[in-house]
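K.L.:
Below you'll find start15.cif; it's mmCIF, C-alpha atoms.
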```cif
data_target
loop_
_atom_site.label_atom_id
_atom_site.label_comp_id
_atom_site.auth_asym_id
_atom_site.auth_seq_id
_atom_site.Cartn_x
_atom_site.Cartn_y
_atom_site.Cartn_z
CA MET A 21 -3.75 1.89 60.31
CA ASN A 22 -7.22 0.44 60.58
CA ARG A 23 -7.69 -0.31 56.92
CA THR A 24 -8.11 -3.94 56.04
CA PRO A 25 -5.81 -5.46 53.41
CA SER A 26 -8.79 -5.94 51.08
CA ALA A 27 -9.59 -2.20 51.21
CA ILE A 28 -6.03 -1.38 50.32
CA ARG A 29 -6.19 -3.86 47.50
CA ARG A 30 -9.44 -2.31 46.24
CA CYS A 31 -7.89 1.11 46.42
CA GLY A 32 -4.85 -0.11 44.49
CA ALA A 33 -7.02 -1.67 41.81
CA GLY A 34 -9.00 1.56 41.43
CA LEU A 35 -5.78 3.52 41.05
CA ALA A 36 -4.52 1.09 38.42
CA ILE A 37 -7.75 1.45 36.42
CA LEU A 38 -7.49 5.23 36.68
CA MET A 39 -3.90 5.20 35.43
CA LEU A 40 -4.79 2.88 32.57
CA ALA A 41 -7.69 5.09 31.60
CA ALA A 42 -5.45 8.16 31.68
CA PHE A 43 -2.84 6.34 29.59
CA PHE A 44 -5.26 5.28 26.88
CA SER A 45 -7.26 8.48 26.79
CA ALA A 46 -4.07 10.44 26.19
CA GLY A 47 -3.79 8.60 22.90
CA ALA A 48 -7.46 8.62 22.04
CA PHE A 49 -8.06 12.31 22.60
CA ALA A 50 -4.71 13.67 21.40
CA GLU A 51 -4.92 16.92 19.46
CA PRO A 52 -4.78 16.25 15.75
CA SER A 53 -1.48 17.59 14.41
CA PRO A 54 -1.80 20.79 12.34
CA GLY A 55 -2.56 19.97 8.73
CA ALA A 56 -3.90 16.52 9.58
CA LEU A 57 -6.17 15.03 6.94
CA PRO A 58 -9.91 14.89 7.79
CA ASN A 59 -10.09 11.32 6.45
CA PRO A 60 -8.72 9.09 9.27
CA ALA A 61 -7.62 6.33 6.90
CA GLN A 62 -5.62 8.78 4.77
CA GLU A 63 -4.16 10.44 7.87
CA ALA A 64 -3.09 7.00 9.16
CA ARG A 65 -1.35 6.32 5.84
CA ALA A 66 0.43 9.68 6.05
CA ARG A 67 1.56 8.97 9.64
CA ALA A 68 2.85 5.53 8.64
CA LEU A 69 4.66 6.94 5.59
CA GLN A 70 6.35 9.80 7.40
CA LYS A 71 7.88 7.29 9.83
CA GLU A 72 9.61 5.60 6.86
CA PHE A 73 11.45 8.70 5.67
CA ARG A 74 14.47 10.39 7.13
CA CYS A 75 14.62 14.09 7.80
CA VAL A 76 17.53 14.99 5.51
CA VAL A 77 18.33 18.06 7.61
CA CYS A 78 18.67 16.37 11.01
CA GLN A 79 19.47 12.93 9.53
CA GLY A 80 19.02 10.94 12.76
CA GLU A 81 15.27 11.53 12.92
CA SER A 82 12.36 10.48 10.77
CA LEU A 83 10.02 12.99 9.16
CA ASP A 84 7.54 11.98 11.86
CA GLU A 85 9.76 13.16 14.71
CA SER A 86 11.58 16.09 13.17
CA ARG A 87 10.82 19.74 13.85
CA ALA A 88 12.88 21.02 10.92
CA PRO A 89 10.96 23.26 8.48
CA LEU A 90 11.88 21.00 5.56
CA ALA A 91 10.42 18.00 7.40
CA ALA A 92 7.17 19.95 7.86
CA ASP A 93 7.17 20.75 4.13
CA LEU A 94 7.69 17.08 3.27
CA ARG A 95 4.92 15.98 5.65
CA LYS A 96 2.64 18.44 3.84
CA LEU A 97 3.81 17.09 0.49
CA ILE A 98 3.06 13.49 1.53
CA ARG A 99 -0.48 14.50 2.53
CA ALA A 100 -1.05 16.48 -0.66
CA ARG A 101 0.00 13.48 -2.75
CA ILE A 102 -2.17 11.07 -0.74
CA VAL A 103 -5.17 13.34 -1.32
CA ALA A 104 -4.25 13.50 -5.02
CA GLY A 105 -4.64 9.71 -5.08
CA GLU A 106 -1.02 8.58 -5.26
CA SER A 107 -0.02 5.20 -3.85
CA ASP A 108 2.55 4.82 -1.05
CA GLU A 109 4.98 3.40 -3.61
CA GLN A 110 4.58 6.44 -5.91
CA ILE A 111 5.24 8.85 -3.05
CA LYS A 112 8.28 6.83 -2.02
CA GLN A 113 9.60 6.89 -5.58
CA PHE A 114 9.16 10.65 -5.80
CA LEU A 115 11.07 11.34 -2.57
CA VAL A 116 13.86 8.93 -3.51
CA SER A 117 14.10 10.56 -6.96
CA ARG A 118 14.69 13.93 -5.26
CA TYR A 119 16.80 13.04 -2.22
CA GLY A 120 18.22 9.58 -2.98
CA ASP A 121 18.06 6.33 -1.01
CA PHE A 122 19.33 8.22 2.03
CA ILE A 123 15.83 9.56 2.68
CA LEU A 124 14.65 6.00 3.45
CA MET A 125 15.00 5.13 7.15
CA LYS A 126 15.43 1.49 6.12
CA PRO A 127 18.09 1.05 3.42
CA PRO A 128 16.83 -0.92 0.40
CA LEU A 129 18.24 -4.41 -0.20
CA GLN A 130 20.36 -4.11 -3.35
CA PRO A 131 23.88 -5.21 -4.38
CA ASP A 132 25.64 -2.15 -2.93
CA THR A 133 23.97 -2.66 0.46
CA TYR A 134 24.65 -6.42 0.77
CA VAL A 135 27.62 -5.77 3.07
CA LEU A 136 25.41 -3.59 5.26
CA TRP A 137 22.63 -6.17 5.49
CA PHE A 138 24.64 -9.40 5.64
CA GLY A 139 27.96 -8.19 7.12
CA PRO A 140 26.82 -8.58 10.76
CA VAL A 141 25.56 -12.15 10.10
CA LEU A 142 28.87 -13.01 8.45
CA VAL A 143 30.83 -11.63 11.42
CA LEU A 144 28.61 -13.62 13.81
CA VAL A 145 29.13 -16.88 11.87
CA VAL A 146 32.91 -16.39 11.67
CA GLY A 147 33.05 -15.46 15.36
CA ALA A 148 30.99 -18.50 16.36
CA GLY A 149 33.29 -20.69 14.27
CA VAL A 150 36.36 -19.34 16.08
CA VAL A 151 34.71 -19.88 19.49
CA VAL A 152 33.80 -23.49 18.64
CA LEU A 153 37.33 -24.12 17.40
CA VAL A 154 39.01 -22.65 20.49
CA ILE A 155 36.72 -24.42 22.98
CA GLY A 156 37.09 -27.73 21.13
CA ARG A 157 40.86 -27.50 21.24
CA ALA A 158 40.91 -26.57 24.94
CA ARG A 159 38.65 -29.51 25.78
CA ARG A 160 40.81 -31.97 23.89
CA ARG A 161 43.89 -30.65 25.65
CA ALA A 162 42.19 -30.88 29.06
CA ARG A 163 41.18 -34.49 28.44
CA GLN A 164 44.74 -35.44 27.63
CA SER A 165 46.21 -33.75 30.72
CA PRO A 166 47.06 -35.97 33.77
CA LEU A 167 44.76 -33.94 36.06
CA TRP A 168 41.67 -35.08 34.16
CA SER A 169 42.45 -38.80 34.57
CA GLU A 170 43.18 -38.48 38.33
CA ASP A 171 39.97 -36.62 39.21
CA HIS A 172 37.40 -38.14 36.90
CA GLN A 173 38.38 -41.76 36.33
CA MET B 21 49.69 -21.35 11.91
CA LYS B 22 49.41 -20.43 15.55
CA ARG B 23 51.47 -17.29 15.07
CA LEU B 24 49.15 -16.32 12.22
CA LEU B 25 46.24 -16.47 14.65
CA TYR B 26 47.93 -13.86 16.85
CA ILE B 27 48.37 -11.50 13.90
CA ILE B 28 44.65 -11.41 13.16
CA PRO B 29 43.66 -9.04 16.00
CA ALA B 30 46.52 -6.71 15.12
CA LEU B 31 45.42 -6.78 11.49
CA ALA B 32 41.80 -6.10 12.45
CA PHE B 33 42.95 -3.17 14.57
CA ALA B 34 45.02 -1.78 11.70
CA VAL B 35 42.05 -1.93 9.31
CA LEU B 36 39.81 -0.22 11.87
CA ALA B 37 42.44 2.46 12.56
CA VAL B 38 42.79 3.26 8.85
CA ALA B 39 39.00 3.43 8.40
CA LEU B 40 38.56 5.73 11.40
CA PHE B 41 41.48 7.92 10.36
CA TYR B 42 39.92 8.31 6.92
CA GLY B 43 36.71 9.37 8.67
CA LEU B 44 38.67 12.05 10.52
CA VAL B 45 40.49 13.57 7.56
CA ARG B 46 37.96 13.09 4.73
CA PRO B 47 37.38 16.43 3.00
CA HIS B 48 33.59 16.23 3.15
CA ALA B 49 31.48 15.66 6.22
CA PRO B 50 29.39 12.49 6.00
CA ASN B 51 26.22 14.57 6.40
CA GLU B 52 26.82 16.27 3.04
CA LEU B 53 24.58 14.24 0.80
CA PRO B 54 25.34 13.55 -2.84
CA SER B 55 22.70 14.98 -5.17
CA VAL B 56 20.64 12.52 -7.19
CA LEU B 57 20.37 15.21 -9.87
CA VAL B 58 24.01 14.90 -10.89
CA ASN B 59 24.19 13.88 -14.58
CA LYS B 60 20.45 14.49 -14.94
CA PRO B 61 18.62 17.43 -16.58
CA VAL B 62 17.60 20.36 -14.38
CA PRO B 63 14.19 19.85 -12.73
CA ALA B 64 11.22 21.12 -14.72
CA VAL B 65 10.29 24.03 -12.48
CA THR B 66 9.69 27.59 -13.57
CA LEU B 67 10.08 30.30 -10.96
CA PRO B 68 9.05 33.95 -10.92
CA GLY B 69 11.84 36.51 -10.73
CA LEU B 70 12.59 38.97 -7.98
CA ASP B 71 10.72 42.15 -8.93
CA GLN B 72 12.90 45.15 -9.81
CA VAL B 73 16.02 43.04 -9.47
CA ALA B 74 16.21 40.15 -11.92
CA PRO B 75 14.07 38.04 -14.29
CA GLY B 76 12.89 34.56 -13.25
CA LEU B 77 14.15 31.12 -13.95
CA ALA B 78 12.93 28.43 -16.40
CA PRO B 79 14.56 25.11 -17.40
CA ALA B 80 15.30 26.51 -20.89
CA ASP B 81 17.48 29.24 -19.33
CA PHE B 82 20.07 26.63 -18.39
CA ALA B 83 20.59 25.00 -21.78
CA GLN B 84 22.17 28.05 -23.44
CA GLY B 85 25.48 26.49 -24.42
CA ARG B 86 27.44 27.91 -21.52
CA VAL B 87 27.99 26.63 -18.02
CA THR B 88 25.65 27.93 -15.34
CA VAL B 89 26.28 28.20 -11.62
CA LEU B 90 23.06 28.20 -9.61
CA ASN B 91 23.43 29.46 -6.06
CA VAL B 92 20.63 28.65 -3.61
CA TRP B 93 20.42 31.28 -0.89
CA ALA B 94 18.14 33.16 1.50
CA SER B 95 18.34 36.40 3.44
CA TRP B 96 17.98 34.43 6.71
CA CYS B 97 21.01 32.30 5.90
CA ALA B 98 24.18 33.42 7.69
CA PRO B 99 26.72 31.42 5.63
CA CYS B 100 25.22 33.04 2.50
CA ARG B 101 26.71 36.35 3.70
CA VAL B 102 30.10 34.69 3.99
CA GLU B 103 30.11 33.48 0.40
CA ALA B 104 28.56 36.62 -1.16
CA PRO B 105 31.91 38.35 -1.95
CA LEU B 106 33.12 35.20 -3.73
CA LEU B 107 29.96 35.09 -5.85
CA ASP B 108 30.58 38.76 -6.77
CA ARG B 109 34.03 37.74 -7.95
CA LEU B 110 32.60 34.76 -9.85
CA ALA B 111 30.14 37.07 -11.64
CA GLU B 112 33.09 38.81 -13.31
CA ASP B 113 33.77 35.61 -15.27
CA LYS B 114 31.68 36.21 -18.40
CA SER B 115 32.24 32.67 -19.73
CA ILE B 116 29.66 31.37 -17.28
CA ALA B 117 26.16 32.40 -16.19
CA LEU B 118 25.45 32.94 -12.50
CA PHE B 119 21.85 32.40 -11.39
CA GLY B 120 20.29 32.58 -7.95
CA LEU B 121 17.48 30.65 -6.33
CA VAL B 122 15.95 32.36 -3.28
CA TYR B 123 14.75 29.61 -0.96
CA LYS B 124 11.81 30.18 1.41
CA ASP B 125 12.23 33.91 1.71
CA LYS B 126 10.13 37.06 1.52
CA PRO B 127 10.81 39.13 -1.64
CA ALA B 128 11.38 42.28 0.43
CA ASN B 129 13.98 40.54 2.61
CA ALA B 130 15.70 39.03 -0.42
CA ARG B 131 15.86 42.45 -2.11
CA ALA B 132 17.29 44.01 1.06
CA PHE B 133 19.95 41.28 1.21
CA LEU B 134 21.04 41.99 -2.37
CA ALA B 135 21.00 45.75 -1.77
CA GLU B 136 23.39 45.21 1.12
CA MET B 137 25.65 42.49 -0.30
CA GLY B 138 25.46 43.28 -4.03
CA ASN B 139 23.66 41.31 -6.72
CA PRO B 140 25.89 38.99 -8.75
CA PHE B 141 22.96 37.12 -10.37
CA SER B 142 21.70 37.68 -13.92
CA ARG B 143 18.57 35.64 -13.13
CA ILE B 144 16.88 34.93 -9.82
CA GLY B 145 14.12 32.40 -9.15
CA LEU B 146 11.97 33.10 -6.13
CA ASP B 147 10.83 29.94 -4.35
CA ALA B 148 8.70 31.35 -1.54
CA SER B 149 7.01 28.03 -0.66
CA GLY B 150 10.05 25.74 -0.85
CA ASP B 151 8.35 23.47 -3.41
CA ALA B 152 11.00 24.13 -6.05
CA GLY B 153 13.63 23.43 -3.40
CA ILE B 154 12.18 19.94 -2.98
CA GLU B 155 12.33 19.43 -6.76
CA TRP B 156 16.00 20.39 -6.66
CA GLY B 157 16.60 18.12 -3.63
CA ILE B 158 17.73 21.03 -1.47
CA TYR B 159 18.04 20.32 2.24
CA GLY B 160 19.85 23.39 3.50
CA VAL B 161 21.16 26.70 2.23
CA PRO B 162 23.58 27.60 0.84
CA GLU B 163 23.85 25.01 -1.90
CA THR B 164 25.50 25.58 -5.26
CA PHE B 165 24.82 23.64 -8.46
CA VAL B 166 26.98 23.55 -11.57
CA ILE B 167 25.02 22.93 -14.77
CA ASP B 168 26.61 22.35 -18.16
CA GLY B 169 25.69 24.08 -21.42
CA GLN B 170 23.17 21.36 -22.29
CA GLY B 171 21.23 21.85 -19.07
CA ILE B 172 22.61 18.74 -17.32
CA VAL B 173 23.44 19.10 -13.61
CA ARG B 174 27.11 18.19 -13.12
CA ALA B 175 27.81 18.99 -9.47
CA ARG B 176 26.29 20.15 -6.22
CA ILE B 177 28.24 21.77 -3.42
CA VAL B 178 26.60 21.86 0.01
CA GLY B 179 27.60 24.61 2.43
CA ALA B 180 29.33 27.96 2.24
CA LEU B 181 31.88 28.61 -0.49
CA THR B 182 35.14 29.86 0.96
CA ASP B 183 38.45 30.87 -0.58
CA ASP B 184 40.44 28.18 1.19
CA GLY B 185 37.62 25.64 1.04
CA LYS B 186 34.80 24.76 -1.30
CA PHE B 187 35.11 27.74 -3.69
CA THR B 188 38.63 26.83 -4.73
CA GLY B 189 38.52 23.15 -3.86
CA ASP B 190 35.13 22.18 -5.29
CA LEU B 191 33.37 24.90 -7.27
CA LEU B 192 36.19 26.00 -9.61
CA PRO B 193 37.15 22.40 -10.56
CA ALA B 194 33.44 21.55 -11.05
CA ILE B 195 33.07 24.56 -13.39
CA ALA B 196 36.13 23.45 -15.36
CA ASP B 197 34.70 19.92 -15.62
CA ALA B 198 31.31 21.21 -16.77
CA LYS B 199 33.01 23.37 -19.42
CA ARG B 200 34.92 20.36 -20.72
CA LEU B 201 31.71 18.26 -20.85
CA THR B 202 29.87 21.08 -22.62
CA ARG B 203 32.61 21.24 -25.28
CA GLU B 204 32.64 17.45 -25.70
CA ASN B 205 28.87 17.27 -26.11
CA THR B 206 28.58 20.19 -28.49
CA PRO B 207 28.41 18.92 -32.08
CA ALA B 208 31.26 20.30 -34.21
CA PRO B 209 30.11 23.02 -36.65
#
```
Output the file's structure in the form of structure tokens.
P.N.:
Amino acid sequence: MNRTPSAIRRCGAGLAILMLAAFFSAGAFAEPSPGALPNPAQEARARALQKEFRCVVCQGESLDESRAPLAADLRKLIRARIVAGESDEQIKQFLVSRYGDFILMKPPLQPDTYVLWFGPVLVLVVGAGVVVLVIGRARRRARQSPLWSEDHQ
Amino acid sequence: MKRLLYIIPALAFAVLAVALFYGLVRPHAPNELPSVLVNKPVPAVTLPGLDQVAPGLAPADFAQGRVTVLNVWASWCAPCRVEAPLLDRLAEDKSIALFGLVYKDKPANARAFLAEMGNPFSRIGLDASGDAGIEWGIYGVPETFVIDGQGIVRARIVGALTDDGKFTGDLLPAIADAKRLTRENTPAP
């Protein structure tokens, strides 16, 4: 190999720039999805909204990811309502009124979901309490044992 | 006190075991969603009928004083073939009305399906686009709604009706319930 380290470094840098360019251009020049709105601001709202709703057919995916026909229909419906001038909140209310809270990817915070939202925190606090208690007791016991006094005093 | 501490894991395990066992034996799969329409009036959608077969469907058709069963089906839906004989049997019960809603289907295909399986429906709404399906909160066919005599939705059953399953276990009791509610809400003459 007669290449100097600096040449290799230059080559590496060039490659990195190329890869970065490829990475970003893939996003910038992506094909618009079929039925996309001509107004970019409205299309962005539709994309953001369809990430918030669950595909009720597949249930683990959002409307944004799903390939189910019903998800396609609902994506179309979201766009039609945006064009008609409805707010995000109005569209959300319509979908919830037809499919229930389940269509929301993020469950709403309301009395019947308190356990869902705060349960994990409660378990963490109780668990931490038990750990502190057990460690504290073990430490006290260790301090009182004869081994401690021989080695450390 | 110390012994109590040892019981806690066993207790936690018991609770978990019961919860998981319930998940195993519960009669309805967790992916069967409850309908938000239950105890609400039927959606305000009017649908054209299936030409040469049956007249269409309007909200006023439901509030006729007798219980209506609305079956949502399509010719491309395999479980709909399974439940067709049971719907034929249900149509013999003249105390209720049996309507159909054809979901995202071509009229010719829907007509061919009925010619093959028999037509138990006195009215059929054709929802070619699926827009009415969204109004009804439909997310898969077959689905079956039970509507009382005042036009209030009382139950939705998701999935195929079968003799040893949802036809006997869910639909018939739901019809009986809707009949009782219709009687209770009908002013005495």
K.L.:
Of the candidates B:Asp151, B:Asp184, B:Asp168, B:Glu103, which one gets nearest to chain A if we count only C-alpha atoms?
P.N.:
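Comparing B:Asp151, B:Asp184, B:Asp168, B:Glu103 against chain A, the winner is B:Asp151.
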K.L.:
I'd like the contact shell of region 83-100 of chain A - 7 Å cut-off, only C-alpha atoms, skipping same-chain residues fewer than 5 positions apart - returned as an mmCIF file with C-alpha atoms, in the coordinates of the input.
P.N.:
```cif
data_model
loop_
_atom_site.group_PDB
_atom_site.id
_atom_site.type_symbol
_atom_site.label_atom_id
_atom_site.label_comp_id
_atom_site.auth_asym_id
_atom_site.auth_seq_id
_atom_site.Cartn_x
_atom_site.Cartn_y
_atom_site.Cartn_z
ATOM 1 C CA ALA A 66 0.430 9.680 6.050
ATOM 2 C CA GLN A 70 6.350 9.800 7.400
ATOM 3 C CA LYS A 71 7.880 7.290 9.830
ATOM 4 C CA PHE A 73 11.450 8.700 5.670
ATOM 5 C CA ARG A 74 14.470 10.390 7.130
ATOM 6 C CA CYS A 75 14.620 14.090 7.800
ATOM 7 C CA ILE A 111 5.240 8.850 -3.050
#
```
K.L.:
Just to confirm, what's the straight-line distance from CA of Tyr123 (chain B) to CA of Gly76 (chain B) in Å (one decimal)?
P.N.:
13.4 Å
K.L.:
List the neighbours of region 37-51 of chain B out to 12 Å using only C-alpha atoms; skip same-chain residues closer than 5 positions along the sequence, and give me the result as a ChimeraX atom specification.
P.N.:
/A:75-80,122 /B:30-32,159-160,177-179,185-186,189-190
K.L.:
Please return, as an MDAnalysis selection string, all residues of chain B lying within 7 Å of chain A when all atoms listed in the file are considered.
P.N.:
chainID B and resid 55:56 154:157 159:160
K.L.:
Rebuild region 58-75 of chain A so that it carries N, CA and C atoms, then output the result as a short mmCIF file (atom, residue, chain, number, x, y, z; two decimals), in the coordinates of the input.
P.N.:
```cif
data_model
loop_
_atom_site.label_atom_id
_atom_site.label_comp_id
_atom_site.auth_asym_id
_atom_site.auth_seq_id
_atom_site.Cartn_x
_atom_site.Cartn_y
_atom_site.Cartn_z
N PRO A 58 -8.62 15.19 7.15
CA PRO A 58 -9.91 14.89 7.79
C PRO A 58 -10.27 13.41 7.68
N ASN A 59 -9.81 12.76 6.63
CA ASN A 59 -10.09 11.32 6.45
C ASN A 59 -9.12 10.52 7.31
N PRO A 60 -9.62 9.78 8.34
CA PRO A 60 -8.72 9.09 9.27
C PRO A 60 -7.85 8.03 8.59
N ALA A 61 -8.39 7.36 7.58
CA ALA A 61 -7.62 6.33 6.90
C ALA A 61 -6.44 6.96 6.15
N GLN A 62 -6.69 8.09 5.50
CA GLN A 62 -5.62 8.78 4.77
C GLN A 62 -4.58 9.34 5.74
N GLU A 63 -5.08 9.89 6.87
CA GLU A 63 -4.16 10.44 7.87
C GLU A 63 -3.27 9.32 8.43
N ALA A 64 -3.87 8.13 8.65
CA ALA A 64 -3.09 7.00 9.16
C ALA A 64 -2.01 6.60 8.17
N ARG A 65 -2.35 6.64 6.87
CA ARG A 65 -1.35 6.32 5.84
C ARG A 65 -0.21 7.33 5.87
N ALA A 66 -0.59 8.63 6.01
CA ALA A 66 0.43 9.68 6.05
C ALA A 66 1.34 9.48 7.26
N ARG A 67 0.75 9.17 8.42
CA ARG A 67 1.56 8.97 9.64
C ARG A 67 2.52 7.80 9.45
N ALA A 68 2.01 6.71 8.85
CA ALA A 68 2.85 5.53 8.64
C ALA A 68 3.98 5.85 7.66
N LEU A 69 3.65 6.60 6.60
CA LEU A 69 4.66 6.94 5.59
C LEU A 69 5.75 7.83 6.16
N GLN A 70 5.33 8.84 6.96
CA GLN A 70 6.35 9.80 7.40
C GLN A 70 7.30 9.19 8.42
N LYS A 71 6.94 8.00 8.96
CA LYS A 71 7.88 7.29 9.83
C LYS A 71 8.96 6.58 9.00
N GLU A 72 8.68 6.35 7.71
CA GLU A 72 9.61 5.60 6.86
C GLU A 72 10.69 6.49 6.25
N PHE A 73 10.48 7.82 6.33
CA PHE A 73 11.45 8.70 5.67
C PHE A 73 12.29 9.45 6.68
N ARG A 74 13.52 9.69 6.29
CA ARG A 74 14.47 10.39 7.13
C ARG A 74 14.32 11.89 6.90
N CYS A 75 14.52 12.65 7.97
CA CYS A 75 14.62 14.09 7.80
C CYS A 75 16.04 14.35 7.32
#
```
